[in-house]
Structure formats: C-alpha cells, structure tokens
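Student: Let me begin by handing over the structure; questions about it come next.
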Amino acid sequence: MKSIFYKEWIKIKWTFLAFLVLGIVGHTIMFLKVRHDILFVDAVNYWYSFLFRGYPYFSILKFLPLVAGLGIAIAQYFPETLNKRIKLTFHLPVGENEILLKMHAFGASSLTAMFVFFFVIFVSGSYIYFPAEIIKPSLLTITPWFLGGLATYFITALILLEPIWLYRGLYTITGAGFISFFYMYGTIGAYKPVIISLAVLTLLISTGVLFSGYRFRKGEM
Amino acid sequence: MIKLSRYILVLVGIIVAAFAIPKLYWTIFEKVPVNPTVFYSCMIDDFIILGSEKTGPGERMDGQGNRMTLAEYEKAMPLMFFRQLMTDGNMPDSINGVPMEPMVINRANSFYRYTPRKINTPVPSLYPMLESQSGKVNLAMPDDYFRIGKRMEFIVAKTNKVDEAKSLKFTEALENKGFAFPARLIAGIPTTRKSKDEGYFVTDSNEQLYHIKMIKGEPYVAHIETPEDLGIVFIECVDLRNSEYYCYLFTRNKGIYVVMDEVYDLQRLPVEGIDPFSQEIRINGDLFNKCITVEGSNWLKATAIDDMYEIVDTHEETWKGRYERSDGKILSALVPFEVSLVSPESVFIRFYFQKSPGYLWIFSSVAALLISLFIMMRRKMELKSNLIDLAIVAITGLYGLIIIFIFPNKFR
C-alpha cells in the first residue's frame, strides 16, 4: 500500500508542486489585483460591480483546476503506457482492480488536497475585502470549476489507459462534452442548482478508469 | 465492478450525446421564430401587431388582419412617433380633446418588459441605501450596503465592518412597524441613474409588504396593506416619469398589482391567468392606454386598458411553436429527448430534460434498436450478454446506439 503511494508520488511530485506553485501565484495575482482596483475605484464601487454588474474578481482561476487535473493525470498515467509498463504492476500478487483503484485514489486525493488548499486561500483572502454575501456566491461559482478539474483527471486517465487510438479519440470527444458542463458561461451563482448533480456524476465517472484499465491489460480487443 | 464502470460511462455518454446532438442540430437548422409585438392605437381604437405569423417579420397589421404601411402605422401611433409626425407636419393638434404637447406625451410614455429570467436567477443579498432627500440635484452612492437577515445591517465597504449605530436605528424602525425578520424579497433600483430615489420595497418573513427608504439619514418605514395571501413572488420597481406608481408586484397566481405613488394603494392589472415563472409580460403605456401583453411559448394575449385600469379591448395571437415547425418536428422524430444546461426561462444552469413531443421518436428508437441488433449479429456478439445494452438503446434511441459502441461491451 505504502509502496504504491510512494511510487505514484515519485511520478506526480514535480507536476503536483508546479501546479501548487502556479495556483499560489494565481491567487496572489488575483488578490493583488483586487487590492489595486479597490484602491483605485473604492470598495463601494468594486462591490457594486460584483453585485449588480456580475463582474467576478476570480475569473483568473477558471481553467487552473482543469489544467491541473490534466497535468496530474498525464504525469501519473502516461509513463505507465510507455512500453505498457503498467502490466508489471498488474503482475503483482494483488487484485488488478484494487491496485488500479489505489493508484487512482492517490491521484484524486492529491488533486483534492491541492484544491482544498486553494479553497482555503480563496476564502481567507476574500474575507479581507468582502462580506459573506459576496464570498458565498463566489464559492458557488468556482466550485464547478474545481469539480471540473477532478472530472478532467478521471477522464484523462480513462483516455490514456485505452489501448486503441480510435477509441481514445471517441473518449476524448465524449469527455470534452462532459467537461464542458462544468465551464458553461453563466452569471455569478448560476450553477447553484446543478452542483450536487455534477458532484455525483464526477464521483461516478471516477470508476471509468477500471473499464479502460481492463481493456489495456487484456491487450488489443 | 468493471461492467458497472462501463454502464456508468454509457450513462454519462448518453447525457453528453443528448446534450450535444440536439445543440448541434439547432445551431445548424433552427429557423428564426415568429415573435410578434402588439401595441394599442388610440387613433384607430384597435391593436397593431408587428411581425405576426400572418404577415411575416417586419410587417404590420391591425387587429382585423388588414396590412398597414409604415406611414399608416406611424399615423396610427402618434404618441409613439410624435417626433417623426411633427417633423413631417402630420401630428394632430389634439387627440380625444387632449392637446398634444411633446413634454406631456413623453412623460406618459413607458415601456416595461418582464421575462421569467428575472425571477429564475441568483439575486444579490446586499443593496445600497441611497439618501432620498439629500437636497442635491444628483443622487450619490452611499459608503455602505445593507442586508436584512436577523436584523437590518449596514456594512461599510471600505472597512468590510458593520456600522452598528446605523444598523440599530434601522432595525428598530423596522421592528416598530412590525417587520418580521428576515426579508424574503428586496427590490429597488440600486443605481444613481434614476430621476429620484424611492428606496426599497421589501417583503418580510410573513409575506407582508414594506417600503423602506432613508430620508436625511433617518429611516423611513411604511407597512403597505395588501389583500390576504397575495403570495408576492417578484417585485420590480420602476422610475416612471409621471410617477404613477412605484412598482409592480408579481404574485404566484393572483396576477400583477401596481403600488400607487404616495398613497400605497394597490391596483390590480385586469389580466387573468398569469404565471410569472414561465410567461413574458410587456406593458406599454401612453397618455390614454396601457397595452399589457402576456406571452407564452407560442401564443400571446394583449389587453388594452384605459387610465382607470378598465379593459378596453383584448386580442390573441398564436403561432407555430418550436416543435410544430418543420425543424422541431424533424428533431423530435429523430431523438426521444433532449438535455440542456441552459434555458430561455432561467438564468440558472441545471439539467433541463425535454421529452420529444408526439410519438414519432418511437420509430427512430425502434430503428436504432434494429441497427444495434444487426451490428451485434454481424460481430457475432452473444445476445444474452447484450440485453441491458439493447434495453438502453430502446429507451434512449439514437444516443444509446452511438454510445454503447463507443464503450464496447467486450469482456472475456
């Protein structure tokens, strides 16, 4: 168990740290800009543009989770597909599904941990400048972006482990359609009624990797 | 477990297909929908309909179906086109004995449009309380925003802290008038770009209506008597030039009321069967009449009323709805349902499920089922282990047919 986690950590270590730094830099830039704009236009007007003009101060974060999910999935699963290395793992005296699920769980939890960390920075930074009435709708707006990051991770893993190129293409088209659900254009807080359904779908899609993992280890079908 | 993971992928794939295929179809084949506009003319005492299904877009006709030229239309609507008619020298000196003064005409003209997107939308919970009698010509934004939760609180934007003294003053003023915290609806015109400030119209947790504003730094609160169980679901304040009324009150199923300026009398607009969650409402007013148009997806009903709010005339229009036109009919025959994340009636993003009207889709679902059977037999797949897949195709038609082969059912 420990050894699997260690092996996975070695693979994603640098990518993980790179996105962590990128996220911290992103949040820093965002809050520096908020500070700058509030200084220039006054907090009253800055709040006004959020409340009545729908100007989100956090749009810089929109695709950060998506890229992070994509990056971590590639770092973790791409090396396994080179020379079909993952087959070695499948020869270990442990259930094949079990080992794949553990790898997957490790990747997903690292990503979740990173996202939770970003959430904490986001909320604590926002509390300096804004009241709860602004922070709450902001969180409702960024939550689907972060869920989309996790969904991107699960779907990229599914695509990478698929052995046949044609199906990789088909999964990419379907997957891209699914990911687009998380990044629709909408006003602040518009995602509120759908967040739970999207979270359930994301959780369900996490098992998808078992399917392409199975096809991978059975080789060409 | 692996089979289950495949069914999950198939389920998600079908949702994606049911979202993407109709979206692509509509983008390519959708026809410009009929969208008539109705006005009431004080000259011909009849309705004028623009762009009805009978005349086509850009054309005009009167309530009897007679086509009108642009010149006739302008003459019939002198209160709307008075500047054009005055330039041409065709403006009558008086209508119905009322002399025509541009200032007077202008003050009486009003256009209001309500769409269900105004109610199905996230609403802010902070509002600015402007000073309504500052003695200055221009209105000014305050330094704080208020919220009405367990009490009424003002938050100073610069410090992001509550102004205790002001909050206490307003909370007490509200309590003295019997306000039950928290507020349900808060409606005002939160901008300085209006002729005057009238503060906010607020319903409390007992659905009682209040008018709250700030006069020389002091709270002004008035409780407005309403008929019992009015069920107000939306309030829209308006800034009418003739200050006839403060706002519209939309109720769940008792129609629309206006709150008259100064006296707070409620006047019901004489239009029945309004559903603010799905219908669009337009109110065009002029010196003599108001024309209230209620519009559903493929019909509208216009009611003209006089300045005493009595019905003068009514008119109904219908046109082919989305699924009665050829583009919609073809799609509803091809697929059993559509999934969308956006809706013309709501700002919220959610899964909007739309079953195809009619039963033609049954044929395409049967065809999809036969095609998948044919493919399975050609590939010598065992039918017994594909029964669930066939059931999926039977229910989801074209979508299922595509998706079950994208995630092939091959296990050994």
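Here's how to read the names in the structure tokens: chain A, B, ... by the order shown, residue numbers from 1 in each chain, ligand numbers from 1 in the order shown.
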Can you list every residue of stretch 295-400 of chain B that has an atom at most 10 Å from stretch 175-193 of chain A, with its nearest atom pair and the distance in Å to one decimal, using only C-alpha atoms, ordered by chain then number, as a tab-separated table?
Tutor:
```
residue	atom	partner	partner_atom	distance
B:Ser340	CA	A:Phe181	CA	9.7
B:Leu341	CA	A:Phe181	CA	7.5
B:Val342	CA	A:Met184	CA	8.9
B:Ser346	CA	A:Ala190	CA	9.3
B:Val347	CA	A:Ala190	CA	6.4
B:Phe348	CA	A:Ala190	CA	4.5
B:Ile349	CA	A:Tyr191	CA	5.1
B:Arg350	CA	A:Pro193	CA	6.0
B:Phe351	CA	A:Pro193	CA	9.0
```
Student: Save out the residues we just selected, N, CA and C atoms, as a tab-separated table (two decimals), in the first residue's frame.
Tutor:
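Below is the file that was written, again05.tsv:
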```tsv
chain	number	residue	atom	x	y	z
B	340	SER	N	-30.49	19.92	-21.82
B	340	SER	CA	-29.80	21.18	-21.99
B	340	SER	C	-29.36	21.69	-20.63
B	341	LEU	N	-28.33	22.50	-20.60
B	341	LEU	CA	-27.90	23.07	-19.32
B	341	LEU	C	-28.38	24.50	-19.15
B	342	VAL	N	-28.87	25.08	-20.23
B	342	VAL	CA	-29.39	26.45	-20.12
B	342	VAL	C	-30.84	26.44	-20.58
B	346	SER	N	-34.70	30.69	-17.64
B	346	SER	CA	-33.98	30.74	-16.38
B	346	SER	C	-32.51	31.08	-16.60
B	347	VAL	N	-31.94	31.79	-15.64
B	347	VAL	CA	-30.52	32.11	-15.69
B	347	VAL	C	-29.73	30.96	-15.08
B	348	PHE	N	-30.41	30.15	-14.25
B	348	PHE	CA	-29.73	29.06	-13.57
B	348	PHE	C	-29.28	27.98	-14.55
B	349	ILE	N	-28.12	27.39	-14.26
B	349	ILE	CA	-27.64	26.27	-15.04
B	349	ILE	C	-28.05	25.00	-14.32
B	350	ARG	N	-28.76	24.13	-15.01
B	350	ARG	CA	-29.10	22.84	-14.45
B	350	ARG	C	-29.43	21.90	-15.60
B	351	PHE	N	-29.68	20.63	-15.31
B	351	PHE	CA	-30.05	19.71	-16.38
B	351	PHE	C	-31.53	19.88	-16.69
```
Student: Give me, as a ChimeraX atom specification, the residues of stretch 4-74 of chain B that a backbone DSSP run labels helix (DSSP H, G or I).
Tutor: /B:4-29,70-74
Student: Tell me, which residues of stretch 158-246 of chain B carry DSSP strand (DSSP E or B), written as a tab-separated table (two decimals) with N, CA, C and O atoms, in the first residue's frame?
Tutor:
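Resulting contents of out.tsv:
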```tsv
chain	number	residue	atom	x	y	z
B	161	LYS	N	-16.80	46.22	7.63
B	161	LYS	CA	-17.31	46.03	9.00
B	161	LYS	C	-18.73	46.60	9.10
B	161	LYS	O	-19.12	47.50	8.36
B	162	VAL	N	-19.49	46.08	10.07
B	162	VAL	CA	-20.87	46.52	10.26
B	162	VAL	C	-20.91	47.87	10.97
B	162	VAL	O	-20.18	48.09	11.94
B	185	LEU	N	-38.04	39.18	-0.06
B	185	LEU	CA	-37.68	39.84	-1.32
B	185	LEU	C	-37.24	41.26	-1.01
B	185	LEU	O	-37.84	41.93	-0.16
B	186	ILE	N	-36.22	41.71	-1.69
B	186	ILE	CA	-35.79	43.10	-1.57
B	186	ILE	C	-35.73	43.64	-2.99
B	186	ILE	O	-35.04	43.07	-3.84
B	187	ALA	N	-36.47	44.71	-3.27
B	187	ALA	CA	-36.45	45.24	-4.63
B	187	ALA	C	-36.34	46.75	-4.61
B	187	ALA	O	-37.00	47.43	-3.85
B	188	GLY	N	-35.45	47.25	-5.44
B	188	GLY	CA	-35.29	48.68	-5.56
B	188	GLY	C	-34.61	48.95	-6.89
B	188	GLY	O	-34.52	48.06	-7.74
B	200	TYR	N	-36.53	51.03	-1.10
B	200	TYR	CA	-36.77	49.62	-1.41
B	200	TYR	C	-38.16	49.16	-1.00
B	200	TYR	O	-38.72	49.66	-0.02
B	201	PHE	N	-38.68	48.22	-1.77
B	201	PHE	CA	-39.91	47.52	-1.39
B	201	PHE	C	-39.52	46.11	-0.97
B	201	PHE	O	-38.86	45.41	-1.72
B	202	VAL	N	-39.90	45.76	0.27
B	202	VAL	CA	-39.37	44.54	0.89
B	202	VAL	C	-40.53	43.72	1.44
B	202	VAL	O	-41.47	44.28	2.00
B	203	THR	N	-40.48	42.40	1.24
B	203	THR	CA	-41.45	41.56	1.94
B	203	THR	C	-40.74	40.88	3.11
B	203	THR	O	-39.58	40.48	2.99
B	209	LEU	N	-45.76	43.44	3.08
B	209	LEU	CA	-45.02	44.35	2.21
B	209	LEU	C	-44.65	45.64	2.94
B	209	LEU	O	-45.49	46.23	3.63
B	210	TYR	N	-43.39	46.06	2.81
B	210	TYR	CA	-42.92	47.28	3.45
B	210	TYR	C	-42.21	48.17	2.45
B	210	TYR	O	-41.62	47.67	1.48
B	211	HIS	N	-42.25	49.46	2.71
B	211	HIS	CA	-41.47	50.41	1.93
B	211	HIS	C	-40.42	50.99	2.86
B	211	HIS	O	-40.75	51.51	3.93
B	212	ILE	N	-39.15	50.85	2.50
B	212	ILE	CA	-38.07	51.32	3.36
B	212	ILE	C	-37.20	52.28	2.57
B	212	ILE	O	-36.76	51.96	1.46
B	213	LYS	N	-36.99	53.47	3.10
B	213	LYS	CA	-36.00	54.36	2.48
B	213	LYS	C	-35.32	55.20	3.55
B	213	LYS	O	-35.65	55.10	4.73
B	214	MET	N	-34.35	55.99	3.12
B	214	MET	CA	-33.61	56.81	4.06
B	214	MET	C	-33.85	58.27	3.71
B	214	MET	O	-33.59	58.71	2.58
B	215	ILE	N	-34.36	59.03	4.69
B	215	ILE	CA	-34.62	60.45	4.46
B	215	ILE	C	-33.77	61.25	5.44
B	215	ILE	O	-33.93	61.13	6.65
B	218	GLU	N	-32.24	59.39	8.28
B	218	GLU	CA	-33.13	58.67	9.19
B	218	GLU	C	-33.94	57.63	8.42
B	218	GLU	O	-34.28	57.84	7.26
B	219	PRO	N	-34.26	56.51	9.08
B	219	PRO	CA	-35.06	55.50	8.39
B	219	PRO	C	-36.50	55.95	8.19
B	219	PRO	O	-37.08	56.61	9.06
B	220	TYR	N	-37.05	55.60	7.03
B	220	TYR	CA	-38.48	55.80	6.77
B	220	TYR	C	-39.03	54.42	6.44
B	220	TYR	O	-38.56	53.76	5.52
B	221	VAL	N	-40.01	53.96	7.24
B	221	VAL	CA	-40.58	52.64	7.02
B	221	VAL	C	-42.09	52.76	6.94
B	221	VAL	O	-42.70	53.41	7.78
B	222	ALA	N	-42.68	52.15	5.93
B	222	ALA	CA	-44.14	52.14	5.84
B	222	ALA	C	-44.60	50.71	5.59
B	222	ALA	O	-44.00	49.99	4.78
B	223	HIS	N	-45.62	50.29	6.32
B	223	HIS	CA	-46.22	48.98	6.07
B	223	HIS	C	-47.34	49.18	5.06
B	223	HIS	O	-48.18	50.06	5.22
B	224	ILE	N	-47.33	48.38	4.01
B	224	ILE	CA	-48.34	48.55	2.96
B	224	ILE	C	-49.37	47.45	3.10
B	224	ILE	O	-49.04	46.26	3.10
B	232	ILE	N	-46.68	37.27	-3.02
B	232	ILE	CA	-45.80	38.03	-3.92
B	232	ILE	C	-44.54	37.22	-4.19
B	232	ILE	O	-43.88	36.77	-3.26
B	233	VAL	N	-44.21	37.02	-5.47
B	233	VAL	CA	-43.01	36.26	-5.80
B	233	VAL	C	-41.92	37.12	-6.43
B	233	VAL	O	-40.76	36.73	-6.48
B	234	PHE	N	-42.32	38.29	-6.91
B	234	PHE	CA	-41.32	39.16	-7.54
B	234	PHE	C	-41.81	40.59	-7.49
B	234	PHE	O	-43.00	40.86	-7.68
B	235	ILE	N	-40.88	41.50	-7.21
B	235	ILE	CA	-41.22	42.93	-7.19
B	235	ILE	C	-40.27	43.63	-8.14
B	235	ILE	O	-39.06	43.35	-8.11
B	236	GLU	N	-40.79	44.48	-8.99
B	236	GLU	CA	-39.89	45.28	-9.81
B	236	GLU	C	-40.26	46.76	-9.68
B	236	GLU	O	-41.37	47.16	-9.99
B	237	CYS	N	-39.29	47.53	-9.19
B	237	CYS	CA	-39.52	48.96	-9.03
B	237	CYS	C	-39.28	49.65	-10.37
B	237	CYS	O	-38.41	49.24	-11.14
B	245	TYR	N	-46.97	55.03	-10.44
B	245	TYR	CA	-46.84	54.02	-9.39
B	245	TYR	C	-45.37	53.70	-9.13
B	245	TYR	O	-44.50	53.99	-9.94
B	246	TYR	N	-45.12	53.09	-7.95
B	246	TYR	CA	-43.75	52.78	-7.55
B	246	TYR	C	-43.21	51.52	-8.22
B	246	TYR	O	-42.08	51.45	-8.64
```
Student: Please identify every residue of chain B that has at least one atom no farther than 7 Å from an atom of chain A, counting only C-alpha atoms, and for each give the shortest atom pair and the distance in Å to one decimal, arranged by chain then increasing number, as a tab-separated table.
Tutor:
```
residue	atom	partner	partner_atom	distance
B:Ile2	CA	A:Phe211	CA	5.5
B:Ser5	CA	A:Gly208	CA	5.2
B:Arg6	CA	A:Phe211	CA	5.9
B:Ile8	CA	A:Leu204	CA	6.6
B:Leu9	CA	A:Gly208	CA	6.2
B:Gly13	CA	A:Thr174	CA	6.2
B:Val16	CA	A:Phe178	CA	5.8
B:Pro122	CA	A:Gly189	CA	6.0
B:Pro124	CA	A:Leu51	CA	5.8
B:Ser125	CA	A:Glu133	CA	6.1
B:Leu126	CA	A:Glu133	CA	6.7
B:Asp143	CA	A:Val44	CA	5.9
B:Asp144	CA	A:Val44	CA	6.8
B:Ala157	CA	A:Val44	CA	5.3
B:Lys158	CA	A:Ala43	CA	5.3
B:Asn160	CA	A:Phe130	CA	6.2
B:Val347	CA	A:Ala190	CA	6.4
B:Phe348	CA	A:Ala190	CA	4.5
B:Ile349	CA	A:Tyr191	CA	5.1
B:Arg350	CA	A:Val194	CA	4.8
B:Ile406	CA	A:Leu170	CA	6.5
```
Student: Atom CA of B:Pro270 and atom CA of B:Val258 are how many Å apart?
Tutor: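 Separating atom CA of B:Pro270 from atom CA of B:Val258 is a distance of 11.2 Å.
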Student: Nearest residue to A:Trp14 out of A:Gly71, A:Leu32, A:Ser49, A:Lys2, using only C-alpha atoms?
Tutor: A:Gly71
Student: Could you work out how far atom CA of A:Phe58 lies from atom CA of B:Pro142, giving the answer in Å with one decimal?
Tutor: 25.3 Å
Student: I want to know what sits within 10 Å of stretch 319-336 of chain B, based on only C-alpha atoms, with residues of the same chain fewer than 5 positions away left out; could you give that as number ranges by chain?
Tutor: B: 18, 21-22, 25-26, 28-31, 33-36, 52-54, 296-300, 354-365, 368, 394-399
Student: What's around B:Lys136 at 12 Å? Count only C-alpha atoms, leave out sequence neighbours fewer than 5 positions away in its own chain, and write the answer as a count of residues only.
Tutor: 4
Student: Could you jot down the atom CA of B:Lys166 to atom CA of B:Lys150 separation for me, Å, one decimal place?
Tutor: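 Taking atom CA of B:Lys166 and atom CA of B:Lys150, their separation equals 15.1 Å.
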Student: For B:Ile371, please output as a ChimeraX atom specification all residues within 12 Å (counting only C-alpha atoms; exclusion window: fewer than 2 positions along the same chain).
Tutor: /B:364-369,373-378,390,393-394,397-398,400-402,405
Student: Keeping only N, CA and C atoms, write those residues as a short mmCIF file (atom, residue, chain, number, x, y, z; two decimals), in the first residue's frame.
Tutor:
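Result file follows (again-v5.cif):
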```cif
data_model
loop_
_atom_site.label_atom_id
_atom_site.label_comp_id
_atom_site.auth_asym_id
_atom_site.auth_seq_id
_atom_site.Cartn_x
_atom_site.Cartn_y
_atom_site.Cartn_z
N SER B 364 -37.89 6.00 -34.57
CA SER B 364 -36.42 6.11 -34.65
C SER B 364 -35.77 5.25 -33.57
N SER B 365 -36.44 5.12 -32.41
CA SER B 365 -35.87 4.26 -31.36
C SER B 365 -35.90 2.80 -31.80
N VAL B 366 -37.00 2.39 -32.46
CA VAL B 366 -37.07 1.01 -32.96
C VAL B 366 -35.99 0.80 -34.02
N ALA B 367 -35.81 1.79 -34.90
CA ALA B 367 -34.78 1.69 -35.93
C ALA B 367 -33.41 1.55 -35.29
N ALA B 368 -33.15 2.35 -34.24
CA ALA B 368 -31.86 2.28 -33.55
C ALA B 368 -31.66 0.90 -32.95
N LEU B 369 -32.75 0.35 -32.39
CA LEU B 369 -32.68 -0.98 -31.79
C LEU B 369 -32.33 -2.03 -32.85
N LEU B 373 -29.00 -4.38 -33.14
CA LEU B 373 -29.12 -5.85 -33.23
C LEU B 373 -28.32 -6.36 -34.42
N PHE B 374 -28.46 -5.66 -35.56
CA PHE B 374 -27.77 -6.03 -36.79
C PHE B 374 -26.25 -6.01 -36.58
N ILE B 375 -25.75 -4.90 -35.96
CA ILE B 375 -24.30 -4.79 -35.72
C ILE B 375 -23.84 -5.91 -34.81
N MET B 376 -24.60 -6.18 -33.75
CA MET B 376 -24.21 -7.24 -32.80
C MET B 376 -24.16 -8.60 -33.49
N MET B 377 -25.12 -8.86 -34.37
CA MET B 377 -25.14 -10.16 -35.05
C MET B 377 -23.98 -10.27 -36.02
N ARG B 378 -23.69 -9.18 -36.74
CA ARG B 378 -22.56 -9.21 -37.67
C ARG B 378 -21.25 -9.44 -36.96
N LEU B 390 -29.26 -3.48 -25.20
CA LEU B 390 -30.41 -3.32 -26.10
C LEU B 390 -31.52 -2.53 -25.40
N VAL B 393 -30.64 1.06 -25.60
CA VAL B 393 -30.93 1.64 -26.93
C VAL B 393 -32.44 1.85 -27.09
N ALA B 394 -33.24 0.89 -26.60
CA ALA B 394 -34.70 1.03 -26.72
C ALA B 394 -35.18 2.30 -26.04
N GLY B 397 -32.74 5.53 -27.74
CA GLY B 397 -32.72 5.69 -29.19
C GLY B 397 -31.35 5.94 -29.77
N LEU B 398 -31.29 6.95 -30.62
CA LEU B 398 -30.06 7.30 -31.34
C LEU B 398 -28.86 7.46 -30.40
N GLY B 400 -28.27 6.10 -27.44
CA GLY B 400 -27.81 4.79 -26.96
C GLY B 400 -27.05 4.05 -28.03
N LEU B 401 -27.59 4.09 -29.27
CA LEU B 401 -26.96 3.40 -30.39
C LEU B 401 -25.50 3.85 -30.55
N ILE B 402 -25.26 5.16 -30.45
CA ILE B 402 -23.90 5.68 -30.61
C ILE B 402 -23.03 5.28 -29.43
N PHE B 405 -21.61 1.60 -28.56
CA PHE B 405 -20.48 1.13 -29.37
C PHE B 405 -19.21 1.96 -29.15
#
```
Student: Contacts of stretch 20-31 of chain A at 8 Å or less, counting only C-alpha atoms, minus same-chain residues fewer than 6 places along, as a VMD selection string?
Tutor: chain A and resid 57 to 58 60 to 61 64 114 118 121 to 122 125 to 126
